[in-house]
file entry-v5.txt (compact mmCIF, N, CA and C atoms)
# COMPACT_ATOMS: atom_id res chain seq x y z
N GLU A 781 2.66 15.82 0.07
CA GLU A 781 3.26 15.39 1.32
C GLU A 781 4.70 15.87 1.46
N MET A 782 5.39 15.99 0.33
CA MET A 782 6.77 16.46 0.40
C MET A 782 6.85 17.85 -0.22
N GLY A 783 5.77 18.60 -0.07
CA GLY A 783 5.68 19.92 -0.69
C GLY A 783 6.51 20.95 0.03
N ALA A 784 5.84 21.92 0.63
CA ALA A 784 6.50 23.08 1.24
C ALA A 784 7.49 22.66 2.33
N ARG A 785 7.04 21.79 3.22
CA ARG A 785 7.97 21.37 4.27
C ARG A 785 8.61 20.06 3.88
N THR A 786 9.81 19.86 4.31
CA THR A 786 10.52 18.64 3.98
C THR A 786 10.19 17.57 5.02
N ILE A 787 9.90 16.39 4.53
CA ILE A 787 9.64 15.26 5.41
C ILE A 787 10.99 14.73 5.87
N GLY A 788 11.14 14.54 7.17
CA GLY A 788 12.41 14.06 7.70
C GLY A 788 12.54 12.55 7.69
N GLN A 789 11.42 11.86 7.93
CA GLN A 789 11.45 10.40 8.01
C GLN A 789 10.24 9.83 7.29
N PHE A 790 10.39 8.64 6.74
CA PHE A 790 9.28 8.04 6.01
C PHE A 790 8.06 7.82 6.90
N GLU A 791 8.30 7.64 8.22
CA GLU A 791 7.18 7.42 9.15
C GLU A 791 6.21 8.59 9.18
N GLU A 792 6.67 9.76 8.73
CA GLU A 792 5.81 10.94 8.70
C GLU A 792 4.90 10.99 7.48
N LEU A 793 5.17 10.14 6.48
CA LEU A 793 4.38 10.15 5.25
C LEU A 793 3.00 9.53 5.50
N ILE A 794 1.96 10.26 5.10
CA ILE A 794 0.59 9.75 5.24
C ILE A 794 0.44 8.44 4.45
N ALA A 795 1.05 8.36 3.28
CA ALA A 795 0.96 7.14 2.46
C ALA A 795 1.49 5.94 3.24
N TRP A 796 2.62 6.12 3.92
CA TRP A 796 3.20 5.02 4.71
C TRP A 796 2.29 4.66 5.88
N GLN A 797 1.79 5.69 6.58
CA GLN A 797 0.93 5.46 7.75
C GLN A 797 -0.33 4.70 7.36
N ARG A 798 -0.97 5.13 6.26
CA ARG A 798 -2.20 4.46 5.81
C ARG A 798 -1.89 3.06 5.27
N GLY A 799 -0.74 2.91 4.65
CA GLY A 799 -0.32 1.58 4.18
C GLY A 799 -0.14 0.62 5.35
N MET A 800 0.43 1.13 6.44
CA MET A 800 0.59 0.32 7.65
C MET A 800 -0.78 -0.07 8.22
N ASP A 801 -1.70 0.90 8.27
CA ASP A 801 -3.06 0.62 8.78
C ASP A 801 -3.73 -0.45 7.93
N LEU A 802 -3.57 -0.34 6.61
CA LEU A 802 -4.16 -1.32 5.70
C LEU A 802 -3.57 -2.71 5.96
N ALA A 803 -2.26 -2.78 6.15
CA ALA A 803 -1.60 -4.07 6.41
C ALA A 803 -2.13 -4.71 7.68
N VAL A 804 -2.31 -3.91 8.72
CA VAL A 804 -2.83 -4.43 9.99
C VAL A 804 -4.26 -4.94 9.81
N ARG A 805 -5.09 -4.16 9.10
CA ARG A 805 -6.49 -4.54 8.88
C ARG A 805 -6.59 -5.84 8.08
N VAL A 806 -5.83 -5.93 7.01
CA VAL A 806 -5.86 -7.13 6.17
C VAL A 806 -5.39 -8.35 6.97
N HIS A 807 -4.37 -8.15 7.77
CA HIS A 807 -3.85 -9.25 8.61
C HIS A 807 -4.94 -9.74 9.55
N GLU A 808 -5.67 -8.80 10.18
CA GLU A 808 -6.77 -9.17 11.08
C GLU A 808 -7.84 -9.97 10.33
N LEU A 809 -8.23 -9.48 9.15
CA LEU A 809 -9.29 -10.14 8.38
C LEU A 809 -8.89 -11.55 7.96
N SER A 810 -7.64 -11.72 7.57
CA SER A 810 -7.20 -13.01 7.02
C SER A 810 -6.92 -14.05 8.11
N ARG A 811 -6.95 -13.63 9.35
CA ARG A 811 -6.72 -14.58 10.45
C ARG A 811 -8.01 -15.22 10.96
N ALA A 812 -9.17 -14.74 10.42
CA ALA A 812 -10.46 -15.20 10.94
C ALA A 812 -11.11 -16.22 10.01
N GLY A 813 -11.93 -17.08 10.61
CA GLY A 813 -12.78 -17.99 9.85
C GLY A 813 -12.05 -18.90 8.88
N GLU A 814 -12.74 -19.20 7.77
CA GLU A 814 -12.20 -20.12 6.77
C GLU A 814 -10.92 -19.59 6.14
N TRP A 815 -10.84 -18.26 6.01
CA TRP A 815 -9.67 -17.68 5.36
C TRP A 815 -8.38 -18.07 6.07
N ALA A 816 -8.46 -18.22 7.39
CA ALA A 816 -7.27 -18.57 8.18
C ALA A 816 -6.67 -19.90 7.71
N ARG A 817 -7.51 -20.76 7.10
CA ARG A 817 -7.03 -22.08 6.64
C ARG A 817 -6.61 -22.08 5.17
N ASP A 818 -6.88 -20.98 4.45
CA ASP A 818 -6.46 -20.88 3.05
C ASP A 818 -5.07 -20.25 3.04
N PHE A 819 -4.08 -21.10 3.25
CA PHE A 819 -2.71 -20.62 3.43
C PHE A 819 -2.18 -19.90 2.20
N VAL A 820 -2.58 -20.33 1.01
CA VAL A 820 -2.07 -19.73 -0.22
C VAL A 820 -2.56 -18.28 -0.35
N LEU A 821 -3.88 -18.08 -0.29
CA LEU A 821 -4.40 -16.72 -0.43
C LEU A 821 -3.96 -15.83 0.74
N ARG A 822 -3.94 -16.40 1.92
CA ARG A 822 -3.51 -15.63 3.09
C ARG A 822 -2.06 -15.17 2.93
N ASP A 823 -1.20 -16.08 2.50
CA ASP A 823 0.21 -15.74 2.30
C ASP A 823 0.36 -14.68 1.20
N GLN A 824 -0.37 -14.84 0.10
CA GLN A 824 -0.28 -13.89 -1.01
C GLN A 824 -0.70 -12.49 -0.59
N ILE A 825 -1.82 -12.38 0.13
CA ILE A 825 -2.29 -11.04 0.52
C ILE A 825 -1.36 -10.43 1.57
N HIS A 826 -0.80 -11.28 2.44
CA HIS A 826 0.16 -10.74 3.41
C HIS A 826 1.37 -10.16 2.69
N ARG A 827 1.88 -10.88 1.69
CA ARG A 827 3.04 -10.40 0.94
C ARG A 827 2.73 -9.09 0.22
N SER A 828 1.57 -9.03 -0.44
CA SER A 828 1.24 -7.83 -1.22
C SER A 828 0.97 -6.63 -0.31
N VAL A 829 0.24 -6.83 0.77
CA VAL A 829 -0.11 -5.69 1.62
C VAL A 829 1.09 -5.18 2.42
N ILE A 830 1.97 -6.10 2.82
CA ILE A 830 3.19 -5.70 3.53
C ILE A 830 4.12 -4.93 2.59
N SER A 831 4.07 -5.28 1.32
CA SER A 831 4.90 -4.63 0.30
C SER A 831 4.57 -3.15 0.13
N VAL A 832 3.34 -2.75 0.46
CA VAL A 832 2.92 -1.36 0.25
C VAL A 832 3.76 -0.41 1.11
N PRO A 833 3.66 -0.48 2.45
CA PRO A 833 4.47 0.46 3.25
C PRO A 833 5.97 0.16 3.15
N ALA A 834 6.33 -1.11 2.95
CA ALA A 834 7.76 -1.46 2.85
C ALA A 834 8.42 -0.77 1.66
N ASN A 835 7.74 -0.75 0.52
CA ASN A 835 8.31 -0.10 -0.67
C ASN A 835 8.32 1.42 -0.55
N ILE A 836 7.31 1.98 0.12
CA ILE A 836 7.31 3.42 0.36
C ILE A 836 8.55 3.78 1.19
N ALA A 837 8.79 3.02 2.24
CA ALA A 837 9.93 3.26 3.12
C ALA A 837 11.26 3.06 2.39
N GLU A 838 11.35 1.95 1.66
CA GLU A 838 12.61 1.66 0.97
C GLU A 838 12.92 2.73 -0.06
N GLY A 839 11.94 3.12 -0.84
CA GLY A 839 12.15 4.16 -1.85
C GLY A 839 12.55 5.48 -1.23
N TYR A 840 11.90 5.83 -0.13
CA TYR A 840 12.23 7.09 0.54
C TYR A 840 13.67 7.08 1.05
N GLU A 841 14.05 5.98 1.64
CA GLU A 841 15.38 5.87 2.25
C GLU A 841 16.50 5.83 1.22
N ARG A 842 16.19 5.51 -0.01
CA ARG A 842 17.23 5.48 -1.05
C ARG A 842 17.75 6.88 -1.37
N GLY A 843 16.96 7.88 -1.06
CA GLY A 843 17.47 9.25 -1.11
C GLY A 843 17.33 10.00 -2.42
N SER A 844 17.02 9.32 -3.53
CA SER A 844 16.86 10.05 -4.78
C SER A 844 15.39 10.08 -5.17
N ARG A 845 14.97 11.19 -5.77
CA ARG A 845 13.58 11.32 -6.19
C ARG A 845 13.21 10.27 -7.24
N ALA A 846 14.13 9.97 -8.14
CA ALA A 846 13.86 8.97 -9.18
C ALA A 846 13.61 7.60 -8.57
N GLU A 847 14.46 7.21 -7.62
CA GLU A 847 14.29 5.92 -6.95
C GLU A 847 13.00 5.89 -6.14
N PHE A 848 12.72 7.00 -5.43
CA PHE A 848 11.51 7.07 -4.62
C PHE A 848 10.29 6.89 -5.52
N HIS A 849 10.28 7.57 -6.65
CA HIS A 849 9.16 7.47 -7.59
C HIS A 849 8.98 6.03 -8.07
N ARG A 850 10.08 5.37 -8.39
CA ARG A 850 10.04 3.98 -8.86
C ARG A 850 9.45 3.05 -7.79
N PHE A 851 9.87 3.23 -6.55
CA PHE A 851 9.36 2.39 -5.47
C PHE A 851 7.90 2.70 -5.14
N LEU A 852 7.48 3.94 -5.34
CA LEU A 852 6.06 4.28 -5.16
C LEU A 852 5.21 3.56 -6.20
N MET A 853 5.74 3.42 -7.42
CA MET A 853 5.03 2.67 -8.46
C MET A 853 4.85 1.21 -8.02
N ILE A 854 5.87 0.64 -7.43
CA ILE A 854 5.81 -0.74 -6.94
C ILE A 854 4.78 -0.84 -5.81
N ALA A 855 4.81 0.12 -4.89
CA ALA A 855 3.86 0.13 -3.77
C ALA A 855 2.42 0.20 -4.28
N LYS A 856 2.19 1.05 -5.27
CA LYS A 856 0.85 1.20 -5.84
C LYS A 856 0.42 -0.10 -6.53
N GLY A 857 1.35 -0.75 -7.21
CA GLY A 857 1.05 -2.05 -7.82
C GLY A 857 0.67 -3.09 -6.78
N SER A 858 1.38 -3.09 -5.67
CA SER A 858 1.08 -4.03 -4.58
C SER A 858 -0.29 -3.74 -3.98
N CYS A 859 -0.68 -2.48 -3.98
CA CYS A 859 -2.00 -2.10 -3.50
C CYS A 859 -3.08 -2.70 -4.42
N GLY A 860 -2.85 -2.66 -5.72
CA GLY A 860 -3.77 -3.27 -6.67
C GLY A 860 -3.84 -4.78 -6.49
N GLU A 861 -2.70 -5.39 -6.24
CA GLU A 861 -2.66 -6.83 -5.99
C GLU A 861 -3.47 -7.16 -4.73
N THR A 862 -3.31 -6.36 -3.70
CA THR A 862 -4.05 -6.55 -2.45
C THR A 862 -5.55 -6.47 -2.69
N ARG A 863 -5.97 -5.49 -3.49
CA ARG A 863 -7.39 -5.35 -3.81
C ARG A 863 -7.91 -6.60 -4.54
N THR A 864 -7.12 -7.14 -5.45
CA THR A 864 -7.52 -8.36 -6.16
C THR A 864 -7.72 -9.51 -5.18
N HIS A 865 -6.81 -9.65 -4.23
CA HIS A 865 -6.93 -10.72 -3.23
C HIS A 865 -8.16 -10.51 -2.35
N LEU A 866 -8.50 -9.26 -2.05
CA LEU A 866 -9.71 -8.98 -1.27
C LEU A 866 -10.96 -9.39 -2.06
N HIS A 867 -10.98 -9.08 -3.36
CA HIS A 867 -12.09 -9.51 -4.21
C HIS A 867 -12.21 -11.03 -4.21
N LEU A 868 -11.07 -11.71 -4.31
CA LEU A 868 -11.08 -13.18 -4.29
C LEU A 868 -11.59 -13.71 -2.95
N ALA A 869 -11.14 -13.12 -1.87
CA ALA A 869 -11.59 -13.55 -0.54
C ALA A 869 -13.11 -13.42 -0.43
N HIS A 870 -13.66 -12.37 -1.01
CA HIS A 870 -15.12 -12.19 -1.01
C HIS A 870 -15.78 -13.27 -1.86
N ARG A 871 -15.24 -13.50 -3.05
CA ARG A 871 -15.82 -14.51 -3.95
C ARG A 871 -15.73 -15.92 -3.36
N PHE A 872 -14.67 -16.17 -2.60
CA PHE A 872 -14.50 -17.48 -1.97
C PHE A 872 -15.38 -17.63 -0.72
N GLY A 873 -16.04 -16.54 -0.32
CA GLY A 873 -16.93 -16.59 0.84
C GLY A 873 -16.24 -16.34 2.17
N TYR A 874 -15.02 -15.84 2.13
CA TYR A 874 -14.28 -15.57 3.37
C TYR A 874 -14.65 -14.23 4.00
N LEU A 875 -15.10 -13.29 3.17
CA LEU A 875 -15.47 -11.95 3.65
C LEU A 875 -16.89 -11.62 3.20
N ASP A 876 -17.66 -11.01 4.08
CA ASP A 876 -18.99 -10.55 3.67
C ASP A 876 -18.86 -9.26 2.86
N THR A 877 -19.95 -8.85 2.25
CA THR A 877 -19.92 -7.71 1.34
C THR A 877 -19.51 -6.41 2.03
N ASP A 878 -20.06 -6.16 3.21
CA ASP A 878 -19.73 -4.91 3.92
C ASP A 878 -18.26 -4.84 4.30
N THR A 879 -17.72 -5.93 4.80
CA THR A 879 -16.31 -5.98 5.19
C THR A 879 -15.43 -5.80 3.96
N THR A 880 -15.81 -6.46 2.87
CA THR A 880 -15.04 -6.34 1.62
C THR A 880 -15.04 -4.90 1.13
N THR A 881 -16.21 -4.29 1.12
CA THR A 881 -16.35 -2.89 0.67
C THR A 881 -15.48 -1.97 1.50
N GLU A 882 -15.50 -2.16 2.80
CA GLU A 882 -14.70 -1.33 3.72
C GLU A 882 -13.20 -1.51 3.46
N ALA A 883 -12.79 -2.75 3.30
CA ALA A 883 -11.36 -3.03 3.06
C ALA A 883 -10.91 -2.50 1.70
N LEU A 884 -11.76 -2.69 0.68
CA LEU A 884 -11.42 -2.17 -0.65
C LEU A 884 -11.35 -0.65 -0.64
N HIS A 885 -12.26 -0.01 0.08
CA HIS A 885 -12.24 1.45 0.19
C HIS A 885 -10.92 1.92 0.79
N SER A 886 -10.46 1.25 1.83
CA SER A 886 -9.18 1.60 2.47
C SER A 886 -8.03 1.44 1.48
N ALA A 887 -8.03 0.33 0.74
CA ALA A 887 -6.96 0.07 -0.22
C ALA A 887 -6.98 1.10 -1.35
N GLU A 888 -8.18 1.47 -1.81
CA GLU A 888 -8.29 2.49 -2.86
C GLU A 888 -7.80 3.84 -2.36
N GLU A 889 -8.09 4.15 -1.10
CA GLU A 889 -7.61 5.40 -0.51
C GLU A 889 -6.08 5.42 -0.47
N VAL A 890 -5.49 4.31 -0.07
CA VAL A 890 -4.03 4.22 -0.05
C VAL A 890 -3.47 4.44 -1.46
N SER A 891 -4.08 3.83 -2.46
CA SER A 891 -3.65 4.02 -3.85
C SER A 891 -3.69 5.49 -4.26
N ARG A 892 -4.79 6.15 -3.91
CA ARG A 892 -4.93 7.58 -4.26
C ARG A 892 -3.85 8.43 -3.58
N ILE A 893 -3.58 8.15 -2.32
CA ILE A 893 -2.56 8.89 -1.57
C ILE A 893 -1.19 8.66 -2.20
N ILE A 894 -0.89 7.42 -2.57
CA ILE A 894 0.39 7.11 -3.22
C ILE A 894 0.48 7.86 -4.55
N SER A 895 -0.61 7.89 -5.31
CA SER A 895 -0.62 8.61 -6.59
C SER A 895 -0.29 10.09 -6.43
N LYS A 896 -0.89 10.70 -5.42
CA LYS A 896 -0.62 12.13 -5.16
C LYS A 896 0.84 12.33 -4.77
N LEU A 897 1.36 11.43 -3.96
CA LEU A 897 2.76 11.51 -3.55
C LEU A 897 3.67 11.31 -4.76
N GLN A 898 3.32 10.36 -5.63
CA GLN A 898 4.09 10.13 -6.86
C GLN A 898 4.16 11.39 -7.70
N SER A 899 3.03 12.06 -7.86
CA SER A 899 2.99 13.29 -8.66
C SER A 899 3.91 14.35 -8.07
N SER A 900 3.86 14.49 -6.77
CA SER A 900 4.71 15.47 -6.08
C SER A 900 6.19 15.13 -6.26
N VAL A 901 6.52 13.87 -6.09
CA VAL A 901 7.92 13.42 -6.24
C VAL A 901 8.38 13.60 -7.68
N ALA A 902 7.51 13.31 -8.64
CA ALA A 902 7.85 13.47 -10.06
C ALA A 902 8.14 14.94 -10.38
N ARG A 903 7.33 15.84 -9.83
CA ARG A 903 7.56 17.28 -10.06
C ARG A 903 8.92 17.70 -9.49
N GLN A 904 9.23 17.22 -8.30
CA GLN A 904 10.52 17.54 -7.68
C GLN A 904 11.68 16.96 -8.47
N ARG A 905 11.51 15.71 -8.92
CA ARG A 905 12.54 15.04 -9.72
C ARG A 905 12.79 15.81 -11.01
N ASP A 906 11.71 16.20 -11.69
CA ASP A 906 11.83 16.90 -12.96
C ASP A 906 12.40 18.31 -12.77
N ALA A 907 12.04 18.97 -11.67
CA ALA A 907 12.59 20.30 -11.39
C ALA A 907 14.08 20.21 -11.13
N ALA A 908 14.51 19.16 -10.44
CA ALA A 908 15.94 18.97 -10.15
C ALA A 908 16.72 18.70 -11.44
N LYS A 909 16.09 17.99 -12.39
CA LYS A 909 16.73 17.71 -13.67
C LYS A 909 16.98 18.98 -14.47
N ARG A 910 16.06 19.94 -14.33
CA ARG A 910 16.17 21.18 -15.12
C ARG A 910 17.23 22.14 -14.59
N LYS A 911 17.66 21.92 -13.34
CA LYS A 911 18.65 22.83 -12.74
C LYS A 911 20.01 22.70 -13.37
call {"tool": "encode", "arguments": {"input": "entry-v5.txt", "output": "structure tokens"}}
result
Amino acid sequence: EMGARTIGQFEELIAWQRGMDLAVRVHELSRAGEWARDFVLRDQIHRSVISVPANIAEGYERGSRAEFHRFLMIAKGSCGETRTHLHLAHRFGYLDTDTTTEALHSAEEVSRIISKLQSSVARQRDAAKRK
């Protein structure tokens, strides 16, 4: 994502865009049915899923490759936390299997995109160190 052309704003990052989509989807899911009344799980998943694009943006805006890489690690961790909450929502009977599978697939895709971005940022960080 930050390869040949330079990204000017974090809003252009696919990882951020997909993280935002995931946050919106999770918010929609957690507002329906019984889940809407489980304030603890709903609050936890909102915090974790919002943390994904927020940390991508914060890390990017800090301006250093090392900081960006560190915040991408946090974003990826929050993605894993979100997936755990989705599994719990399914086990608690708040989400059916198809909806859970779809949401988990989206979260896994976001994790993969963050991983690729992390690798790219790490290469740039390491190349800058060697100069």
call {"tool": "atom_distance", "arguments": {"input": "entry-v5.txt", "atom1": "atom N of Asp818 of chain A", "atom2": "atom N of Val832 of chain A"}}
result
21.3 Å
call {"tool": "select_by_dssp", "arguments": {"input": "entry-v5.txt", "residues": "chain A", "states": "alpha helix (DSSP H)", "output": "PyMOL selection string"}}
result
chain A and resi 794-810+819-841+845-871+877-910
call {"tool": "axis_aligned_box", "arguments": {"input": "entry-v5.txt", "around": "segment 791-810 of chain A", "padding_each_side": "6 Å", "output": "JSON"}}
result
{"center_x": -0.5, "center_y": -1.5, "center_z": 6.8, "size_x": 29.6, "size_y": 37.0, "size_z": 20.6}
call {"tool": "residues_around", "arguments": {"input": "entry-v5.txt", "residues": "Met800 of chain A", "least_positions_apart": "6", "cutoff": "8 Å", "atoms": "all atoms listed in the file", "output": "list in words"}}
result
Ile794, Val806, Val829, Ile830, Val832, Pro833 and Ala834 of chain A
call {"tool": "residues_near_point", "arguments": {"input": "entry-v5.txt", "point": "(-8.1, -14.1, -0.6)", "cutoff": "7 Å", "atoms": "all atoms listed in the file", "output": "number ranges by chain"}}
result
A: 820-822, 825, 864-870
call {"tool": "residues_around", "arguments": {"input": "entry-v5.txt", "residues": "Trp796 of chain A", "least_positions_apart": "6", "cutoff": "6.5 Å", "atoms": "all atoms listed in the file", "output": "list in words"}}
result
Phe790, Pro833, Ile836 and Ala837 of chain A
call {"tool": "write_last_selection", "arguments": {"input": "entry-v5.txt", "atoms": "N, CA and C atoms", "output": "CSV table (one decimal), keeping the file's coordinate frame"}}
result
chain,number,residue,atom,x,y,z
A,790,PHE,N,10.4,8.6,6.7
A,790,PHE,CA,9.3,8.0,6.0
A,790,PHE,C,8.1,7.8,6.9
A,833,PRO,N,3.7,-0.5,2.4
A,833,PRO,CA,4.5,0.5,3.2
A,833,PRO,C,6.0,0.2,3.2
A,836,ILE,N,7.3,2.0,0.1
A,836,ILE,CA,7.3,3.4,0.4
A,836,ILE,C,8.6,3.8,1.2
A,837,ALA,N,8.8,3.0,2.2
A,837,ALA,CA,9.9,3.3,3.1
A,837,ALA,C,11.3,3.1,2.4
call {"tool": "closest_residue", "arguments": {"input": "entry-v5.txt", "among": "A:Glu792, A:Asp906, A:Asp801, A:Glu882", "to": "Ala846 of chain A", "atoms": "all atoms listed in the file"}}
result
A:Asp906
call {"tool": "residues_around", "arguments": {"input": "entry-v5.txt", "residues": "Ala902 of chain A", "least_positions_apart": "6", "cutoff": "8 Å", "atoms": "all atoms listed in the file", "output": "PyMOL selection string"}}
result
chain A and resi 845-846+848-849+896+908
call {"tool": "atom_distance", "arguments": {"input": "entry-v5.txt", "atom1": "atom CA of Leu852 of chain A", "atom2": "atom CA of Ser891 of chain A"}}
result
9.8 Å
